[in-house]
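Raw query-v1.tsv, TSV, N, CA and C atoms:
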```tsv
chain	number	residue	atom	x	y	z
A	1	MET	N	-0.72	-7.54	9.64
A	1	MET	CA	-0.41	-8.91	9.28
A	1	MET	C	0.99	-8.96	8.66
A	2	ALA	N	1.79	-9.86	9.17
A	2	ALA	CA	3.14	-10.02	8.63
A	2	ALA	C	3.07	-10.82	7.33
A	3	TYR	N	4.08	-10.64	6.50
A	3	TYR	CA	4.15	-11.40	5.26
A	3	TYR	C	5.55	-11.94	5.09
A	4	ASP	N	5.70	-12.92	4.22
A	4	ASP	CA	6.97	-13.60	4.00
A	4	ASP	C	7.92	-12.69	3.22
A	5	GLU	N	8.77	-12.02	3.94
A	5	GLU	CA	9.73	-11.09	3.33
A	5	GLU	C	10.72	-11.83	2.44
A	6	GLY	N	11.04	-13.06	2.80
A	6	GLY	CA	11.95	-13.86	1.96
A	6	GLY	C	11.36	-14.13	0.59
A	7	LEU	N	10.06	-14.43	0.56
A	7	LEU	CA	9.38	-14.65	-0.73
A	7	LEU	C	9.36	-13.35	-1.53
A	8	ALA	N	9.08	-12.24	-0.86
A	8	ALA	CA	9.09	-10.95	-1.54
A	8	ALA	C	10.47	-10.65	-2.12
A	9	GLN	N	11.52	-10.98	-1.39
A	9	GLN	CA	12.88	-10.74	-1.88
A	9	GLN	C	13.18	-11.60	-3.11
A	10	ARG	N	12.72	-12.83	-3.10
A	10	ARG	CA	12.93	-13.69	-4.27
A	10	ARG	C	12.21	-13.13	-5.49
A	11	ILE	N	11.04	-12.54	-5.29
A	11	ILE	CA	10.33	-11.91	-6.41
A	11	ILE	C	11.10	-10.68	-6.89
A	12	ARG	N	11.57	-9.86	-5.95
A	12	ARG	CA	12.38	-8.68	-6.32
A	12	ARG	C	13.56	-9.08	-7.18
A	13	GLU	N	14.24	-10.14	-6.78
A	13	GLU	CA	15.42	-10.58	-7.53
A	13	GLU	C	15.04	-11.02	-8.94
A	14	ARG	N	13.88	-11.65	-9.09
A	14	ARG	CA	13.44	-12.13	-10.41
A	14	ARG	C	13.01	-10.97	-11.31
A	15	LEU	N	12.34	-9.97	-10.72
A	15	LEU	CA	11.78	-8.87	-11.51
A	15	LEU	C	12.63	-7.60	-11.49
A	16	GLY	N	13.71	-7.62	-10.73
A	16	GLY	CA	14.50	-6.42	-10.50
A	16	GLY	C	15.02	-5.70	-11.73
A	17	GLY	N	15.21	-6.40	-12.82
A	17	GLY	CA	15.74	-5.77	-14.01
A	17	GLY	C	14.70	-5.10	-14.88
A	18	ASP	N	13.43	-5.22	-14.52
A	18	ASP	CA	12.36	-4.65	-15.34
A	18	ASP	C	11.99	-3.26	-14.83
A	19	PRO	N	12.26	-2.22	-15.62
A	19	PRO	CA	11.97	-0.85	-15.17
A	19	PRO	C	10.47	-0.56	-15.05
A	20	ASP	N	9.63	-1.41	-15.62
A	20	ASP	CA	8.18	-1.21	-15.54
A	20	ASP	C	7.57	-1.73	-14.24
A	21	ILE	N	8.37	-2.40	-13.41
A	21	ILE	CA	7.87	-2.99	-12.16
A	21	ILE	C	8.02	-2.00	-11.01
A	22	VAL	N	6.92	-1.85	-10.26
A	22	VAL	CA	6.92	-1.03	-9.05
A	22	VAL	C	6.37	-1.90	-7.93
A	23	GLU	N	7.00	-1.84	-6.78
A	23	GLU	CA	6.53	-2.58	-5.61
A	23	GLU	C	5.73	-1.65	-4.72
A	24	LYS	N	4.57	-2.14	-4.27
A	24	LYS	CA	3.70	-1.35	-3.38
A	24	LYS	C	3.17	-2.23	-2.27
A	25	ARG	N	2.94	-1.62	-1.12
A	25	ARG	CA	2.30	-2.32	-0.02
A	25	ARG	C	0.83	-2.54	-0.38
A	26	MET	N	0.37	-3.77	-0.30
A	26	MET	CA	-1.04	-4.08	-0.57
A	26	MET	C	-1.37	-5.46	-0.04
A	27	PHE	N	-2.65	-5.70	0.20
A	27	PHE	CA	-3.15	-6.99	0.68
A	27	PHE	C	-2.42	-7.45	1.94
A	28	GLY	N	-2.02	-6.52	2.77
A	28	GLY	CA	-1.29	-6.88	3.98
A	28	GLY	C	0.10	-7.39	3.71
A	29	GLY	N	0.59	-7.15	2.53
A	29	GLY	CA	1.92	-7.62	2.15
A	29	GLY	C	2.54	-6.70	1.13
A	30	SER	N	3.01	-7.28	0.05
A	30	SER	CA	3.69	-6.51	-0.98
A	30	SER	C	3.20	-6.95	-2.35
A	31	GLY	N	2.91	-5.97	-3.21
A	31	GLY	CA	2.47	-6.26	-4.57
A	31	GLY	C	3.47	-5.72	-5.56
A	32	PHE	N	3.60	-6.40	-6.67
A	32	PHE	CA	4.51	-6.00	-7.74
A	32	PHE	C	3.65	-5.70	-8.96
A	33	LEU	N	3.68	-4.44	-9.37
A	33	LEU	CA	2.84	-3.97	-10.46
A	33	LEU	C	3.68	-3.69	-11.69
A	34	CYS	N	3.15	-4.07	-12.83
A	34	CYS	CA	3.80	-3.80	-14.11
A	34	CYS	C	2.98	-2.72	-14.81
A	35	ARG	N	3.55	-1.54	-14.93
A	35	ARG	CA	2.88	-0.38	-15.53
A	35	ARG	C	1.52	-0.13	-14.88
A	36	GLY	N	1.46	-0.33	-13.56
A	36	GLY	CA	0.25	-0.06	-12.79
A	36	GLY	C	-0.70	-1.22	-12.64
A	37	ASN	N	-0.42	-2.35	-13.27
A	37	ASN	CA	-1.27	-3.53	-13.18
A	37	ASN	C	-0.62	-4.59	-12.30
A	38	MET	N	-1.39	-5.12	-11.36
A	38	MET	CA	-0.88	-6.16	-10.48
A	38	MET	C	-0.40	-7.36	-11.29
A	39	ALA	N	0.80	-7.83	-10.99
A	39	ALA	CA	1.37	-9.02	-11.63
A	39	ALA	C	1.44	-10.15	-10.61
A	40	VAL	N	2.18	-9.91	-9.54
A	40	VAL	CA	2.32	-10.88	-8.45
A	40	VAL	C	2.43	-10.13	-7.14
A	41	GLY	N	2.33	-10.86	-6.06
A	41	GLY	CA	2.49	-10.26	-4.75
A	41	GLY	C	2.63	-11.31	-3.69
A	42	VAL	N	2.77	-10.84	-2.47
A	42	VAL	CA	2.89	-11.72	-1.31
A	42	VAL	C	1.86	-11.28	-0.28
A	43	SER	N	1.09	-12.24	0.19
A	43	SER	CA	0.12	-12.01	1.26
A	43	SER	C	0.32	-13.12	2.28
A	44	GLY	N	0.74	-12.76	3.48
A	44	GLY	CA	1.09	-13.78	4.46
A	44	GLY	C	2.25	-14.60	3.93
A	45	ASP	N	2.05	-15.93	3.87
A	45	ASP	CA	3.07	-16.82	3.33
A	45	ASP	C	2.78	-17.22	1.89
A	46	ASP	N	1.73	-16.64	1.32
A	46	ASP	CA	1.27	-17.05	-0.01
A	46	ASP	C	1.70	-16.09	-1.10
A	47	LEU	N	1.82	-16.64	-2.29
A	47	LEU	CA	2.10	-15.87	-3.50
A	47	LEU	C	0.76	-15.54	-4.16
A	48	ILE	N	0.56	-14.29	-4.54
A	48	ILE	CA	-0.61	-13.87	-5.30
A	48	ILE	C	-0.15	-13.76	-6.75
A	49	VAL	N	-0.94	-14.32	-7.67
A	49	VAL	CA	-0.60	-14.25	-9.09
A	49	VAL	C	-1.83	-13.82	-9.86
A	50	ARG	N	-1.66	-12.82	-10.72
A	50	ARG	CA	-2.75	-12.39	-11.59
A	50	ARG	C	-2.53	-13.02	-12.96
A	51	ILE	N	-3.56	-13.70	-13.44
A	51	ILE	CA	-3.47	-14.41	-14.71
A	51	ILE	C	-4.71	-14.11	-15.54
A	52	ALA	N	-4.72	-14.58	-16.76
A	52	ALA	CA	-5.91	-14.44	-17.60
A	52	ALA	C	-7.05	-15.24	-16.99
A	53	ALA	N	-8.24	-14.69	-17.00
A	53	ALA	CA	-9.40	-15.36	-16.40
A	53	ALA	C	-9.61	-16.75	-17.00
A	54	ASP	N	-9.38	-16.89	-18.30
A	54	ASP	CA	-9.60	-18.20	-18.93
A	54	ASP	C	-8.49	-19.20	-18.62
A	55	ALA	N	-7.46	-18.78	-17.91
A	55	ALA	CA	-6.39	-19.69	-17.49
A	55	ALA	C	-6.58	-20.15	-16.04
A	56	THR	N	-7.67	-19.71	-15.41
A	56	THR	CA	-7.89	-20.00	-13.99
A	56	THR	C	-7.97	-21.49	-13.71
A	57	ASP	N	-8.78	-22.22	-14.45
A	57	ASP	CA	-8.95	-23.65	-14.17
A	57	ASP	C	-7.63	-24.42	-14.27
A	58	ALA	N	-6.84	-24.12	-15.28
A	58	ALA	CA	-5.54	-24.79	-15.43
A	58	ALA	C	-4.62	-24.43	-14.27
A	59	ALA	N	-4.65	-23.18	-13.84
A	59	ALA	CA	-3.81	-22.75	-12.72
A	59	ALA	C	-4.21	-23.46	-11.44
A	60	LEU	N	-5.51	-23.62	-11.24
A	60	LEU	CA	-6.00	-24.27	-10.02
A	60	LEU	C	-5.62	-25.75	-9.95
A	61	ALA	N	-5.28	-26.35	-11.07
A	61	ALA	CA	-4.86	-27.74	-11.08
A	61	ALA	C	-3.40	-27.91	-10.64
A	62	ARG	N	-2.68	-26.80	-10.50
A	62	ARG	CA	-1.27	-26.86	-10.10
A	62	ARG	C	-1.17	-26.95	-8.58
A	63	PRO	N	-0.10	-27.58	-8.06
A	63	PRO	CA	0.05	-27.76	-6.62
A	63	PRO	C	0.00	-26.45	-5.83
A	64	GLY	N	-0.79	-26.45	-4.77
A	64	GLY	CA	-0.84	-25.33	-3.85
A	64	GLY	C	-1.71	-24.17	-4.27
A	65	ALA	N	-2.32	-24.23	-5.46
A	65	ALA	CA	-3.08	-23.10	-5.99
A	65	ALA	C	-4.54	-23.14	-5.53
A	66	ARG	N	-5.06	-21.95	-5.25
A	66	ARG	CA	-6.47	-21.78	-4.94
A	66	ARG	C	-6.89	-20.38	-5.38
A	67	LEU	N	-8.18	-20.14	-5.46
A	67	LEU	CA	-8.66	-18.82	-5.86
A	67	LEU	C	-8.35	-17.79	-4.77
A	68	PHE	N	-8.00	-16.62	-5.19
A	68	PHE	CA	-7.80	-15.49	-4.29
A	68	PHE	C	-9.18	-14.99	-3.87
A	69	ASP	N	-9.40	-14.92	-2.57
A	69	ASP	CA	-10.72	-14.54	-2.06
A	69	ASP	C	-10.54	-13.74	-0.77
A	70	ARG	N	-10.64	-12.44	-0.87
A	70	ARG	CA	-10.51	-11.58	0.31
A	70	ARG	C	-11.86	-11.04	0.74
A	71	THR	N	-12.87	-11.19	-0.08
A	71	THR	CA	-14.17	-10.56	0.22
A	71	THR	C	-15.32	-11.55	0.29
A	72	GLY	N	-15.04	-12.84	0.15
A	72	GLY	CA	-16.10	-13.82	0.10
A	72	GLY	C	-16.60	-14.07	-1.31
A	73	ARG	N	-16.01	-13.35	-2.27
A	73	ARG	CA	-16.36	-13.52	-3.69
A	73	ARG	C	-15.07	-13.79	-4.46
A	74	PRO	N	-14.72	-15.07	-4.62
A	74	PRO	CA	-13.47	-15.40	-5.33
A	74	PRO	C	-13.45	-14.81	-6.73
A	75	MET	N	-12.26	-14.40	-7.16
A	75	MET	CA	-12.12	-13.76	-8.46
A	75	MET	C	-11.34	-14.66	-9.42
A	76	ARG	N	-11.94	-14.99	-10.56
A	76	ARG	CA	-11.22	-15.73	-11.59
A	76	ARG	C	-10.08	-14.84	-12.10
A	77	GLY	N	-8.95	-15.47	-12.33
A	77	GLY	CA	-7.80	-14.71	-12.80
A	77	GLY	C	-6.90	-14.21	-11.67
A	78	TRP	N	-7.29	-14.45	-10.44
A	78	TRP	CA	-6.47	-14.10	-9.28
A	78	TRP	C	-6.26	-15.39	-8.49
A	79	ILE	N	-5.01	-15.79	-8.33
A	79	ILE	CA	-4.66	-17.07	-7.72
A	79	ILE	C	-3.76	-16.83	-6.50
A	80	LEU	N	-4.01	-17.60	-5.44
A	80	LEU	CA	-3.09	-17.67	-4.32
A	80	LEU	C	-2.38	-19.01	-4.40
A	81	VAL	N	-1.08	-18.99	-4.22
A	81	VAL	CA	-0.29	-20.21	-4.24
A	81	VAL	C	0.36	-20.34	-2.86
A	82	ALA	N	0.10	-21.46	-2.20
A	82	ALA	CA	0.64	-21.69	-0.87
A	82	ALA	C	2.16	-21.61	-0.88
A	83	GLY	N	2.72	-20.95	0.12
A	83	GLY	CA	4.16	-20.77	0.21
A	83	GLY	C	4.98	-22.03	0.01
A	84	PRO	N	4.59	-23.17	0.64
A	84	PRO	CA	5.37	-24.39	0.44
A	84	PRO	C	5.42	-24.87	-1.02
A	85	ALA	N	4.46	-24.46	-1.82
A	85	ALA	CA	4.43	-24.88	-3.23
A	85	ALA	C	5.40	-24.09	-4.10
A	86	VAL	N	5.97	-22.99	-3.57
A	86	VAL	CA	6.89	-22.17	-4.37
A	86	VAL	C	8.28	-22.07	-3.73
A	87	THR	N	8.65	-23.09	-2.96
A	87	THR	CA	9.99	-23.08	-2.38
A	87	THR	C	11.06	-23.32	-3.44
A	88	ASP	N	10.69	-24.06	-4.49
A	88	ASP	CA	11.62	-24.30	-5.59
A	88	ASP	C	11.65	-23.05	-6.49
A	89	ASP	N	12.84	-22.56	-6.77
A	89	ASP	CA	12.98	-21.34	-7.57
A	89	ASP	C	12.38	-21.47	-8.97
A	90	ALA	N	12.47	-22.64	-9.56
A	90	ALA	CA	11.93	-22.84	-10.91
A	90	ALA	C	10.40	-22.72	-10.90
A	91	VAL	N	9.76	-23.29	-9.88
A	91	VAL	CA	8.31	-23.21	-9.77
A	91	VAL	C	7.88	-21.77	-9.50
A	92	LEU	N	8.56	-21.11	-8.59
A	92	LEU	CA	8.26	-19.70	-8.33
A	92	LEU	C	8.44	-18.88	-9.60
A	93	GLY	N	9.50	-19.13	-10.32
A	93	GLY	CA	9.77	-18.40	-11.56
A	93	GLY	C	8.67	-18.57	-12.59
A	94	GLU	N	8.11	-19.78	-12.69
A	94	GLU	CA	7.01	-20.01	-13.63
A	94	GLU	C	5.80	-19.16	-13.27
A	95	TRP	N	5.46	-19.13	-11.98
A	95	TRP	CA	4.32	-18.31	-11.54
A	95	TRP	C	4.59	-16.82	-11.78
A	96	ILE	N	5.78	-16.37	-11.41
A	96	ILE	CA	6.12	-14.96	-11.61
A	96	ILE	C	6.05	-14.60	-13.09
A	97	ASP	N	6.60	-15.44	-13.92
A	97	ASP	CA	6.59	-15.16	-15.37
A	97	ASP	C	5.16	-15.11	-15.90
A	98	GLU	N	4.30	-15.99	-15.40
A	98	GLU	CA	2.92	-15.99	-15.86
A	98	GLU	C	2.21	-14.69	-15.44
A	99	GLY	N	2.37	-14.30	-14.18
A	99	GLY	CA	1.75	-13.07	-13.70
A	99	GLY	C	2.31	-11.83	-14.39
A	100	HIS	N	3.62	-11.81	-14.56
A	100	HIS	CA	4.28	-10.67	-15.21
A	100	HIS	C	3.84	-10.58	-16.67
A	101	GLY	N	3.79	-11.71	-17.35
A	101	GLY	CA	3.39	-11.72	-18.76
A	101	GLY	C	1.97	-11.22	-18.93
A	102	PHE	N	1.08	-11.63	-18.03
A	102	PHE	CA	-0.31	-11.17	-18.12
A	102	PHE	C	-0.39	-9.67	-17.88
A	103	ALA	N	0.23	-9.19	-16.81
A	103	ALA	CA	0.15	-7.76	-16.49
A	103	ALA	C	0.81	-6.90	-17.56
A	104	ALA	N	1.90	-7.39	-18.14
A	104	ALA	CA	2.59	-6.62	-19.19
A	104	ALA	C	1.73	-6.47	-20.44
A	105	GLY	N	0.78	-7.39	-20.63
A	105	GLY	CA	-0.09	-7.33	-21.81
A	105	GLY	C	-1.30	-6.45	-21.62
A	106	LEU	N	-1.50	-5.91	-20.43
A	106	LEU	CA	-2.63	-5.03	-20.15
A	106	LEU	C	-2.27	-3.57	-20.47
A	107	PRO	N	-3.24	-2.74	-20.78
A	107	PRO	CA	-2.94	-1.32	-20.99
A	107	PRO	C	-2.40	-0.70	-19.69
A	108	PRO	N	-1.43	0.18	-19.78
A	108	PRO	CA	-0.91	0.84	-18.58
A	108	PRO	C	-2.00	1.62	-17.85
A	109	LYS	N	-1.86	1.70	-16.54
A	109	LYS	CA	-2.80	2.49	-15.73
A	109	LYS	C	-2.17	3.81	-15.37
```
What would the structure in this file look like if it were written as structure tokens?
Amino acid sequence: MAYDEGLAQRIRERLGGDPDIVEKRMFGGSGFLCRGNMAVGVSGDDLIVRIAADATDAALARPGARLFDRTGRPMRGWILVAGPAVTDDAVLGEWIDEGHGFAAGLPPK
């Protein structure tokens, strides 16, 4: 499955200065991990964002957001954001910052 390389590049540019970020192939696309914890990624044309489970409902109220569901069991705290909803750099930056902030607060793996 192909993924939006342009979206991945925009994420790289935003997170590029953080030495704790590692990019890995995952979910048929690219994932960005902070000290081993998933922060954000790209799957197809969508942005994957890992957030606090108790922030799920608020995240789902934002444009283009839905639960991440690869197995038929949606996971709270994992959000997919439709590509068209993150064409604006400021909106993409907010999602990246949220995912990065959550992953940075987790114990390293």
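Residue nearest A:Ile51 within the list A:Cys34, A:Ala65, A:Leu15, A:Ile79: A:Ile79 [criterion: smallest interatomic distance, all atoms listed in the file].
Across A:Met38, A:Asp57, A:Gly6, A:Arg76, the tightest approach to A:Ile96 is made by A:Met38 when counting only C-alpha atoms.
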Report as a PyMOL selection string: the residues of stretch 1-102 of chain A with a DSSP assignment of strand (DSSP E), based on the backbone of this structure. chain A and resi 21-26+29-34+37-43+46-50+65-67+78-81
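Of the residues in stretch 18-94 of chain A, those that DSSP places in helix (DSSP H, G or I) on the basis of the backbone are Ala53, Asp54, Ala55, Thr56, Asp57, Ala58, Ala59, Leu60, Gly83, Pro84, Ala85, Val86, Asp89, Ala90, Val91, Leu92, Gly93 and Glu94 of chain A.
Neighbours of A:Ala52 closer than or equal to 10 Å, with only C-alpha atoms counted and sequence neighbours fewer than 6 positions away skipped, come out as A:Ala59, A:Arg76, A:Gly77, A:Trp78, A:Glu98, A:Gly99, A:Gly101, A:Phe102, A:Ala103.
Nearest to A:Leu106 of all the residues A:Leu7, A:Ala58, A:Ala39, A:Val22 is A:Ala39, based on only C-alpha atoms.
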